[in-house]
file query.pdb (PDB, C-alpha atoms)
ATOM      1  CA  HIS D   1      -4.673   5.884  -8.445  1.00  0.00           C
ATOM      2  CA  TYR D   2      -6.722   2.921  -7.299  1.00  0.00           C
ATOM      3  CA  GLY D   3      -4.079   0.976  -5.409  1.00  0.00           C
ATOM      4  CA  ARG D   4      -1.610   3.092  -3.502  1.00  0.00           C
ATOM      5  CA  GLY D   5      -3.558   6.281  -4.122  1.00  0.00           C
ATOM      6  CA  LEU D   6      -6.238   5.340  -1.630  1.00  0.00           C
ATOM      7  CA  SER D   7      -3.854   4.398   1.172  1.00  0.00           C
ATOM      8  CA  ILE D   8      -4.609   7.484   3.276  1.00  0.00           C
ATOM      9  CA  PHE D   9      -8.340   6.901   2.807  1.00  0.00           C
ATOM     10  CA  SER D  10      -7.980   3.240   3.740  1.00  0.00           C
ATOM     11  CA  LEU D  11      -6.091   4.268   6.861  1.00  0.00           C
ATOM     12  CA  PHE D  12      -8.802   6.815   7.634  1.00  0.00           C
ATOM     13  CA  LEU D  13     -11.471   4.129   7.332  1.00  0.00           C
ATOM     14  CA  GLN D  14      -9.582   1.574   9.414  1.00  0.00           C
ATOM     15  CA  ARG D  15      -8.975   3.996  12.288  1.00  0.00           C
ATOM     16  CA  THR D  16     -12.356   5.659  12.316  1.00  0.00           C
ATOM     17  CA  THR D  17     -15.375   3.929  13.759  1.00  0.00           C
ATOM     18  CA  GLN D  18     -18.808   4.155  12.205  1.00  0.00           C
ATOM     19  CA  LYS D  19     -20.009   6.453  14.999  1.00  0.00           C
ATOM     20  CA  GLU D  20     -17.025   8.807  14.652  1.00  0.00           C
ATOM     21  CA  MET D  21     -17.645   9.144  10.935  1.00  0.00           C
ATOM     22  CA  SER D  22     -21.342   9.854  11.333  1.00  0.00           C
ATOM     23  CA  LYS D  23     -20.705  12.576  13.932  1.00  0.00           C
ATOM     24  CA  GLY D  24     -19.504  15.067  11.361  1.00  0.00           C
ATOM     25  CA  GLN D  25     -17.684  13.527   8.482  1.00  0.00           C
ATOM     26  CA  LEU D  26     -20.533  11.545   6.967  1.00  0.00           C
ATOM     27  CA  ASP D  27     -23.552  13.107   8.606  1.00  0.00           C
ATOM     28  CA  GLN D  28     -25.593  13.258   5.434  1.00  0.00           C
ATOM     29  CA  ILE D  29     -25.720   9.460   5.091  1.00  0.00           C
ATOM     30  CA  ASN D  30     -27.231   7.071   7.622  1.00  0.00           C
ATOM     31  CA  TRP D  31     -24.584   4.350   7.553  1.00  0.00           C
ATOM     32  CA  ASP D  32     -26.417   2.215  10.122  1.00  0.00           C
ATOM     33  CA  ALA D  33     -29.336   1.914   7.692  1.00  0.00           C
ATOM     34  CA  ILE D  34     -27.002   1.050   4.832  1.00  0.00           C
ATOM     35  CA  VAL D  35     -25.092  -1.534   6.854  1.00  0.00           C
ATOM     36  CA  ALA D  36     -28.394  -3.119   7.879  1.00  0.00           C
ATOM     37  CA  LYS D  37     -29.319  -3.544   4.208  1.00  0.00           C
ATOM     38  CA  LEU D  38     -26.021  -5.214   3.266  1.00  0.00           C
ATOM     39  CA  PRO D  39     -25.944  -8.705   4.824  1.00  0.00           C
ATOM     40  CA  THR D  40     -22.227  -9.414   5.002  1.00  0.00           C
ATOM     41  CA  GLY D  41     -22.127 -11.594   8.112  1.00  0.00           C
ATOM     42  CA  LYS D  42     -21.564 -15.325   8.214  1.00  0.00           C
ATOM     43  CA  SER D  43     -24.535 -16.291  10.371  1.00  0.00           C
ATOM     44  CA  PRO D  44     -27.254 -18.503   8.843  1.00  0.00           C
ATOM     45  CA  GLU D  45     -29.679 -15.546   8.949  1.00  0.00           C
ATOM     46  CA  GLN D  46     -27.230 -13.228   7.153  1.00  0.00           C
ATOM     47  CA  LYS D  47     -26.431 -15.926   4.597  1.00  0.00           C
ATOM     48  CA  ALA D  48     -30.133 -16.493   3.900  1.00  0.00           C
ATOM     49  CA  ARG D  49     -30.686 -12.727   3.487  1.00  0.00           C
ATOM     50  CA  ARG D  50     -27.685 -12.545   1.163  1.00  0.00           C
ATOM     51  CA  TYR D  51     -28.938 -15.417  -0.998  1.00  0.00           C
ATOM     52  CA  ALA D  52     -32.380 -13.804  -1.247  1.00  0.00           C
ATOM     53  CA  LEU D  53     -30.780 -10.453  -2.090  1.00  0.00           C
ATOM     54  CA  PHE D  54     -28.634 -12.016  -4.805  1.00  0.00           C
ATOM     55  CA  ASP D  55     -31.678 -13.732  -6.295  1.00  0.00           C
ATOM     56  CA  SER D  56     -33.650 -10.477  -6.318  1.00  0.00           C
ATOM     57  CA  MET D  57     -30.760  -8.691  -8.066  1.00  0.00           C
ATOM     58  CA  ASP D  58     -30.402 -11.495 -10.659  1.00  0.00           C
ATOM     59  CA  PRO D  59     -33.562 -11.020 -12.759  1.00  0.00           C
ATOM     60  CA  ASN D  60     -32.648 -13.596 -15.409  1.00  0.00           C
ATOM     61  CA  GLY D  61     -31.623 -16.228 -12.845  1.00  0.00           C
ATOM     62  CA  ASN D  62     -28.286 -17.052 -14.476  1.00  0.00           C
ATOM     63  CA  GLY D  63     -26.334 -16.885 -11.197  1.00  0.00           C
ATOM     64  CA  LEU D  64     -24.278 -13.921 -12.384  1.00  0.00           C
ATOM     65  CA  LEU D  65     -24.607 -10.186 -11.762  1.00  0.00           C
ATOM     66  CA  SER D  66     -23.545  -7.596 -14.297  1.00  0.00           C
ATOM     67  CA  LEU D  67     -22.630  -4.072 -13.283  1.00  0.00           C
ATOM     68  CA  VAL D  68     -26.023  -2.915 -14.607  1.00  0.00           C
ATOM     69  CA  GLU D  69     -27.786  -5.476 -12.410  1.00  0.00           C
ATOM     70  CA  VAL D  70     -25.784  -4.346  -9.376  1.00  0.00           C
ATOM     71  CA  ASP D  71     -26.674  -0.704 -10.109  1.00  0.00           C
ATOM     72  CA  ARG D  72     -30.331  -1.619 -10.453  1.00  0.00           C
ATOM     73  CA  GLY D  73     -30.200  -3.685  -7.284  1.00  0.00           C
ATOM     74  CA  ILE D  74     -28.717  -0.818  -5.286  1.00  0.00           C
ATOM     75  CA  LEU D  75     -31.423   1.528  -6.484  1.00  0.00           C
ATOM     76  CA  GLU D  76     -34.515  -0.677  -6.768  1.00  0.00           C
ATOM     77  CA  VAL D  77     -33.954  -3.682  -4.511  1.00  0.00           C
ATOM     78  CA  LEU D  78     -31.941  -2.160  -1.660  1.00  0.00           C
ATOM     79  CA  GLN D  79     -33.453   1.295  -2.231  1.00  0.00           C
ATOM     80  CA  LEU D  80     -30.198   2.991  -1.323  1.00  0.00           C
ATOM     81  CA  HIS D  81     -30.970   6.166  -3.247  1.00  0.00           C
ATOM     82  CA  GLU D  82     -28.587   8.274  -1.156  1.00  0.00           C
ATOM     83  CA  ILE D  83     -25.557   6.294  -2.318  1.00  0.00           C
ATOM     84  CA  PHE D  84     -26.654   5.494  -5.862  1.00  0.00           C
ATOM     85  CA  ASP D  85     -24.720   8.497  -7.164  1.00  0.00           C
ATOM     86  CA  CYS D  86     -21.468   7.071  -5.818  1.00  0.00           C
ATOM     87  CA  LYS D  87     -20.690   5.482  -9.195  1.00  0.00           C
ATOM     88  CA  PRO D  88     -16.902   5.407  -8.706  1.00  0.00           C
ATOM     89  CA  ALA D  89     -17.393   3.469  -5.464  1.00  0.00           C
ATOM     90  CA  ILE D  90     -19.831   1.045  -7.083  1.00  0.00           C
ATOM     91  CA  MET D  91     -17.415   0.496  -9.975  1.00  0.00           C
ATOM     92  CA  ARG D  92     -14.446  -0.150  -7.657  1.00  0.00           C
ATOM     93  CA  ALA D  93     -16.434  -2.588  -5.520  1.00  0.00           C
ATOM     94  CA  PHE D  94     -17.732  -4.428  -8.575  1.00  0.00           C
ATOM     95  CA  GLN D  95     -14.268  -4.665 -10.159  1.00  0.00           C
ATOM     96  CA  ALA D  96     -12.703  -5.957  -6.944  1.00  0.00           C
ATOM     97  CA  ALA D  97     -15.419  -8.561  -6.341  1.00  0.00           C
ATOM     98  CA  LYS D  98     -15.663  -9.922  -9.880  1.00  0.00           C
ATOM     99  CA  ASP D  99     -11.954 -10.627  -9.957  1.00  0.00           C
ATOM    100  CA  LEU D 100     -11.897 -12.790  -6.829  1.00  0.00           C
ATOM    101  CA  TYR D 101     -12.535 -16.079  -8.630  1.00  0.00           C
ATOM    102  CA  LYS D 102     -11.024 -15.255 -12.001  1.00  0.00           C
ATOM    103  CA  GLY D 103     -11.303 -17.969 -14.608  1.00  0.00           C
ATOM    104  CA  LYS D 104     -13.771 -20.092 -12.658  1.00  0.00           C
ATOM    105  CA  SER D 105     -16.922 -19.023 -14.514  1.00  0.00           C
ATOM    106  CA  ALA D 106     -17.864 -20.347 -17.940  1.00  0.00           C
ATOM    107  CA  ALA D 107     -19.597 -17.004 -18.581  1.00  0.00           C
ATOM    108  CA  GLY D 108     -16.366 -15.081 -18.165  1.00  0.00           C
ATOM    109  CA  ASP D 109     -14.855 -12.771 -15.628  1.00  0.00           C
ATOM    110  CA  ASP D 110     -17.097  -9.775 -16.295  1.00  0.00           C
ATOM    111  CA  TYR D 111     -19.709 -10.736 -13.722  1.00  0.00           C
ATOM    112  CA  VAL D 112     -20.044 -11.222  -9.983  1.00  0.00           C
ATOM    113  CA  GLN D 113     -20.869 -14.817  -9.146  1.00  0.00           C
ATOM    114  CA  ARG D 114     -22.865 -15.900  -6.116  1.00  0.00           C
ATOM    115  CA  ALA D 115     -19.612 -16.968  -4.431  1.00  0.00           C
ATOM    116  CA  GLU D 116     -18.281 -13.417  -4.843  1.00  0.00           C
ATOM    117  CA  PHE D 117     -21.464 -11.650  -3.722  1.00  0.00           C
ATOM    118  CA  ARG D 118     -20.633 -11.405  -0.013  1.00  0.00           C
ATOM    119  CA  HIS D 119     -17.347  -9.776  -0.958  1.00  0.00           C
ATOM    120  CA  LEU D 120     -19.171  -7.376  -3.264  1.00  0.00           C
ATOM    121  CA  LEU D 121     -21.345  -6.243  -0.349  1.00  0.00           C
ATOM    122  CA  ILE D 122     -18.303  -5.802   1.898  1.00  0.00           C
ATOM    123  CA  TYR D 123     -16.515  -3.835  -0.824  1.00  0.00           C
ATOM    124  CA  LEU D 124     -19.612  -1.705  -1.400  1.00  0.00           C
ATOM    125  CA  LYS D 125     -19.664  -0.692   2.262  1.00  0.00           C
ATOM    126  CA  ARG D 126     -15.967   0.146   2.290  1.00  0.00           C
ATOM    127  CA  TYR D 127     -15.870   1.986  -1.014  1.00  0.00           C
ATOM    128  CA  PHE D 128     -19.014   3.990  -0.256  1.00  0.00           C
ATOM    129  CA  GLN D 129     -17.371   5.171   2.942  1.00  0.00           C
ATOM    130  CA  LEU D 130     -14.059   5.881   1.230  1.00  0.00           C
ATOM    131  CA  PHE D 131     -15.804   7.802  -1.523  1.00  0.00           C
ATOM    132  CA  GLN D 132     -17.621   9.988   0.992  1.00  0.00           C
ATOM    133  CA  ILE D 133     -14.307  10.755   2.689  1.00  0.00           C
ATOM    134  CA  PHE D 134     -12.770  11.510  -0.683  1.00  0.00           C
ATOM    135  CA  LEU D 135     -15.604  13.922  -1.497  1.00  0.00           C
ATOM    136  CA  LYS D 136     -15.185  15.672   1.857  1.00  0.00           C
ATOM    137  CA  ILE D 137     -11.545  16.389   1.046  1.00  0.00           C
ATOM    138  CA  ASP D 138     -12.386  17.409  -2.540  1.00  0.00           C
ATOM    139  CA  LYS D 139     -13.523  20.938  -1.675  1.00  0.00           C
ATOM    140  CA  ASN D 140     -14.029  22.201  -5.245  1.00  0.00           C
ATOM    141  CA  HIS D 141     -16.090  19.123  -6.211  1.00  0.00           C
ATOM    142  CA  ASP D 142     -14.122  18.242  -9.330  1.00  0.00           C
ATOM    143  CA  ARG D 143     -13.676  14.624  -8.144  1.00  0.00           C
ATOM    144  CA  ARG D 144      -9.928  15.161  -7.869  1.00  0.00           C
ATOM    145  CA  ILE D 145      -7.833  15.950  -4.824  1.00  0.00           C
ATOM    146  CA  SER D 146      -5.080  18.508  -5.218  1.00  0.00           C
ATOM    147  CA  ILE D 147      -2.142  18.997  -2.888  1.00  0.00           C
ATOM    148  CA  ALA D 148      -3.831  22.162  -1.590  1.00  0.00           C
ATOM    149  CA  GLU D 149      -7.001  20.248  -0.721  1.00  0.00           C
ATOM    150  CA  LEU D 150      -5.011  17.547   1.058  1.00  0.00           C
ATOM    151  CA  ARG D 151      -3.091  20.176   3.026  1.00  0.00           C
ATOM    152  CA  THR D 152      -6.383  21.816   4.026  1.00  0.00           C
ATOM    153  CA  ALA D 153      -7.747  18.461   5.211  1.00  0.00           C
ATOM    154  CA  LYS D 154      -4.720  17.750   7.423  1.00  0.00           C
ATOM    155  CA  ASP D 155      -6.259  19.017  10.679  1.00  0.00           C
ATOM    156  CA  ALA D 156      -9.585  17.275  10.038  1.00  0.00           C
ATOM    157  CA  ILE D 157      -7.802  13.985   9.391  1.00  0.00           C
ATOM    158  CA  ASN D 158      -5.732  14.384  12.565  1.00  0.00           C
ATOM    159  CA  GLU D 159      -8.874  15.180  14.580  1.00  0.00           C
ATOM    160  CA  LEU D 160     -10.140  11.733  13.654  1.00  0.00           C
ATOM    161  CA  GLY D 161      -7.154  10.132  15.334  1.00  0.00           C
ATOM    162  CA  ILE D 162      -5.155   9.462  12.201  1.00  0.00           C
ATOM    163  CA  PRO D 163      -1.525  10.492  12.447  1.00  0.00           C
ATOM    164  CA  PHE D 164      -1.142  12.634   9.354  1.00  0.00           C
ATOM    165  CA  SER D 165       1.798  15.006   9.576  1.00  0.00           C
ATOM    166  CA  ASP D 166       3.171  15.314   6.058  1.00  0.00           C
ATOM    167  CA  PRO D 167       0.508  16.007   3.414  1.00  0.00           C
ATOM    168  CA  ASP D 168       3.150  16.785   0.798  1.00  0.00           C
ATOM    169  CA  ARG D 169       4.879  13.409   1.181  1.00  0.00           C
ATOM    170  CA  THR D 170       1.554  11.579   1.339  1.00  0.00           C
ATOM    171  CA  PHE D 171       0.366  13.337  -1.805  1.00  0.00           C
ATOM    172  CA  GLN D 172       3.588  12.466  -3.598  1.00  0.00           C
ATOM    173  CA  ILE D 173       3.012   8.780  -2.795  1.00  0.00           C
ATOM    174  CA  MET D 174      -0.653   8.887  -3.827  1.00  0.00           C
ATOM    175  CA  ASP D 175      -0.008  10.832  -7.055  1.00  0.00           C
ATOM    176  CA  SER D 176       1.850   7.944  -8.649  1.00  0.00           C
ATOM    177  CA  ASP D 177       1.544   9.327 -12.186  1.00  0.00           C
ATOM    178  CA  ASN D 178       2.682  12.832 -11.143  1.00  0.00           C
ATOM    179  CA  GLY D 179      -0.445  14.335 -12.660  1.00  0.00           C
ATOM    180  CA  GLY D 180      -0.920  16.776  -9.818  1.00  0.00           C
ATOM    181  CA  TYR D 181      -4.197  15.214  -8.666  1.00  0.00           C
ATOM    182  CA  VAL D 182      -5.371  12.096  -6.926  1.00  0.00           C
ATOM    183  CA  LEU D 183      -8.461  10.491  -8.420  1.00  0.00           C
ATOM    184  CA  PHE D 184     -10.769   7.966  -6.838  1.00  0.00           C
ATOM    185  CA  GLU D 185     -11.029   5.949 -10.014  1.00  0.00           C
TER     186      GLU D 185
END

call {"tool": "encode", "arguments": {"input": "query.pdb", "output": "structure tokens"}}
result
Amino acid sequence: HYGRGLSIFSLFLQRTTQKEMSKGQLDQINWDAIVAKLPTGKSPEQKARRYALFDSMDPNGNGLLSLVEVDRGILEVLQLHEIFDCKPAIMRAFQAAKDLYKGKSAAGDDYVQRAEFRHLLIYLKRYFQLFQIFLKIDKNHDRRISIAELRTAKDAINELGIPFSDPDRTFQIMDSDNGGYVLFE
């Protein structure tokens, strides 16, 4: 469900600005504060902040971040308590980032290297946002989206400027294993 299953959520994110999301869809999270804490830019100042952030999240100084170190960094270093419970988003971001330079680390491919860290921060922003959207559609809070939930969300998705006319067809595409649910994981 990770690849094609998130296509509608990716489309939602691409077509919805930060301000539009915070006006009703993601009002419980201050995304401006989160974005400010995740230095993803390419300017010298952003790069310096990113290097310092990586170093503070790498307590043993080996130049690699494990998933546990990323979790700890989100909670203790960045102090992003409001998104710490978004474990599926953290996992997806970590998995995507650690695989960018596969085979280039002597320590293995189970860690995020410094060269992958900027991408990890970008993925964290995107997946946190996608996960919040996912949870908004998941009305019964079972961390699965049913066809009924997607149908119910149709008008809300359209109100955000996303052309979404056929929830049944979209669900069929997203439910690639025909399990009757779309998962974030």

call {"tool": "closest_residue", "arguments": {"input": "query.pdb", "among": "D:Ala115, D:Ala33, D:Val182, D:Met91", "to": "Ile147 (chain D)", "atoms": "only C-alpha atoms"}}
result
D:Val182

call {"tool": "atom_distance", "arguments": {"input": "query.pdb", "atom1": "CA of Leu78 (chain D)", "atom2": "CA of Asn62 (chain D)"}}
result
20.0 Å

call {"tool": "closest_residue", "arguments": {"input": "query.pdb", "among": "D:Ala148, D:Arg114, D:Arg72, D:Tyr123", "to": "Gln95 (chain D)", "atoms": "only C-alpha atoms"}}
result
D:Tyr123

call {"tool": "residues_around", "arguments": {"input": "query.pdb", "residues": "Ile83 (chain D)", "least_positions_apart": "5", "cutoff": "12 Å", "atoms": "only C-alpha atoms", "output": "PyMOL selection string"}}
result
chain D and resi 26+28-31+33-34+71+74-75+78+88-90+124-125+127-129+131-132

call {"tool": "closest_residue", "arguments": {"input": "query.pdb", "among": "D:Val112, D:Cys86, D:Leu100, D:Ala36", "to": "Met57 (chain D)", "atoms": "all atoms listed in the file"}}
result
D:Val112

call {"tool": "residues_around", "arguments": {"input": "query.pdb", "residues": "Arg50 (chain D)", "least_positions_apart": "3", "cutoff": "8 Å", "atoms": "only C-alpha atoms", "output": "VMD selection string"}}
result
chain D and resid 38 to 40 46 to 47 53 to 54 117 to 118

call {"tool": "residues_around", "arguments": {"input": "query.pdb", "residues": "Asn140 (chain D)", "least_positions_apart": "4", "cutoff": "9 Å", "atoms": "all atoms listed in the file", "output": "ChimeraX atom specification"}}
result
/D:144-145,149

call {"tool": "write_last_selection", "arguments": {"input": "query.pdb", "atoms": "C-alpha atoms", "output": "PDB file, in the frame of the given file"}}
result
ATOM      1  CA  ARG D 144      -9.928  15.161  -7.869  1.00  0.00           C
ATOM      2  CA  ILE D 145      -7.833  15.950  -4.824  1.00  0.00           C
ATOM      3  CA  GLU D 149      -7.001  20.248  -0.721  1.00  0.00           C
TER       4      GLU D 149
END

call {"tool": "atom_distance", "arguments": {"input": "query.pdb", "atom1": "CA of Asp138 (chain D)", "atom2": "CA of Gly180 (chain D)"}}
result
13.6 Å

call {"tool": "closest_residue", "arguments": {"input": "query.pdb", "among": "D:Tyr101, D:Arg92, D:Asp168, D:Arg151", "to": "Arg126 (chain D)", "atoms": "all atoms listed in the file"}}
result
D:Arg92

call {"tool": "residues_near_point", "arguments": {"input": "query.pdb", "point": "(-13.7, 9.3, -4.0)", "cutoff": "7 Å", "atoms": "only C-alpha atoms", "output": "list of chain:residue names"}}
result
D:Pro88, D:Leu130, D:Phe131, D:Gln132, D:Ile133, D:Phe134, D:Leu135, D:Arg143, D:Leu183, D:Phe184

call {"tool": "closest_residue", "arguments": {"input": "query.pdb", "among": "D:Asp55, D:Arg49, D:Gly63, D:Tyr181", "to": "Asp142 (chain D)", "atoms": "all atoms listed in the file"}}
result
D:Tyr181

call {"tool": "atom_distance", "arguments": {"input": "query.pdb", "atom1": "CA of Ser146 (chain D)", "atom2": "CA of Ala93 (chain D)"}}
result
24.0 Å

call {"tool": "residues_around", "arguments": {"input": "query.pdb", "residues": "Gln113 (chain D)", "least_positions_apart": "5", "cutoff": "8 Å", "atoms": "all atoms listed in the file", "output": "PyMOL selection string"}}
result
chain D and resi 63-65+98+105

call {"tool": "closest_residue", "arguments": {"input": "query.pdb", "among": "D:Ala48, D:Lys42, D:Ala96, D:Asp110", "to": "Leu67 (chain D)", "atoms": "only C-alpha atoms"}}
result
D:Asp110

call {"tool": "residues_around", "arguments": {"input": "query.pdb", "residues": "region 152-159 of chain D", "least_positions_apart": "5", "cutoff": "7 Å", "atoms": "all atoms listed in the file", "output": "VMD selection string"}}
result
chain D and resid 137 164 167

call {"tool": "decode", "arguments": {"input": "query.pdb", "residues": "region 138-166 of chain D", "atoms": "C-alpha atoms", "output": "short mmCIF file (atom, residue, chain, number, x, y, z; two decimals), in the first residue's frame"}}
result
data_model
loop_
_atom_site.label_atom_id
_atom_site.label_comp_id
_atom_site.auth_asym_id
_atom_site.auth_seq_id
_atom_site.Cartn_x
_atom_site.Cartn_y
_atom_site.Cartn_z
CA ASP D 138 -9.90 7.41 8.62
CA LYS D 139 -13.04 8.31 10.56
CA ASN D 140 -13.16 5.21 12.79
CA HIS D 141 -9.48 5.57 13.77
CA ASP D 142 -8.45 2.02 12.93
CA ARG D 143 -5.54 3.27 10.78
CA ARG D 144 -7.19 1.82 7.68
CA ILE D 145 -9.29 3.54 5.05
CA SER D 146 -12.35 1.71 3.80
CA ILE D 147 -14.24 2.45 0.61
CA ALA D 148 -17.00 4.01 2.73
CA GLU D 149 -14.54 6.38 4.40
CA LEU D 150 -13.07 7.39 1.05
CA ARG D 151 -16.55 8.02 -0.35
CA THR D 152 -17.36 10.18 2.68
CA ALA D 153 -14.17 12.19 2.16
CA LYS D 154 -14.95 12.92 -1.50
CA ASP D 155 -16.49 16.37 -0.94
CA ALA D 156 -13.76 17.43 1.49
CA ILE D 157 -11.07 16.43 -1.00
CA ASN D 158 -12.84 18.31 -3.80
CA GLU D 159 -13.18 21.40 -1.58
CA LEU D 160 -9.39 21.50 -1.43
CA GLY D 161 -9.20 21.86 -5.19
CA ILE D 162 -8.37 18.26 -5.97
CA PRO D 163 -10.44 16.78 -8.77
CA PHE D 164 -11.75 13.63 -7.15
CA SER D 165 -14.84 12.29 -8.86
CA ASP D 166 -14.64 8.51 -8.61
#
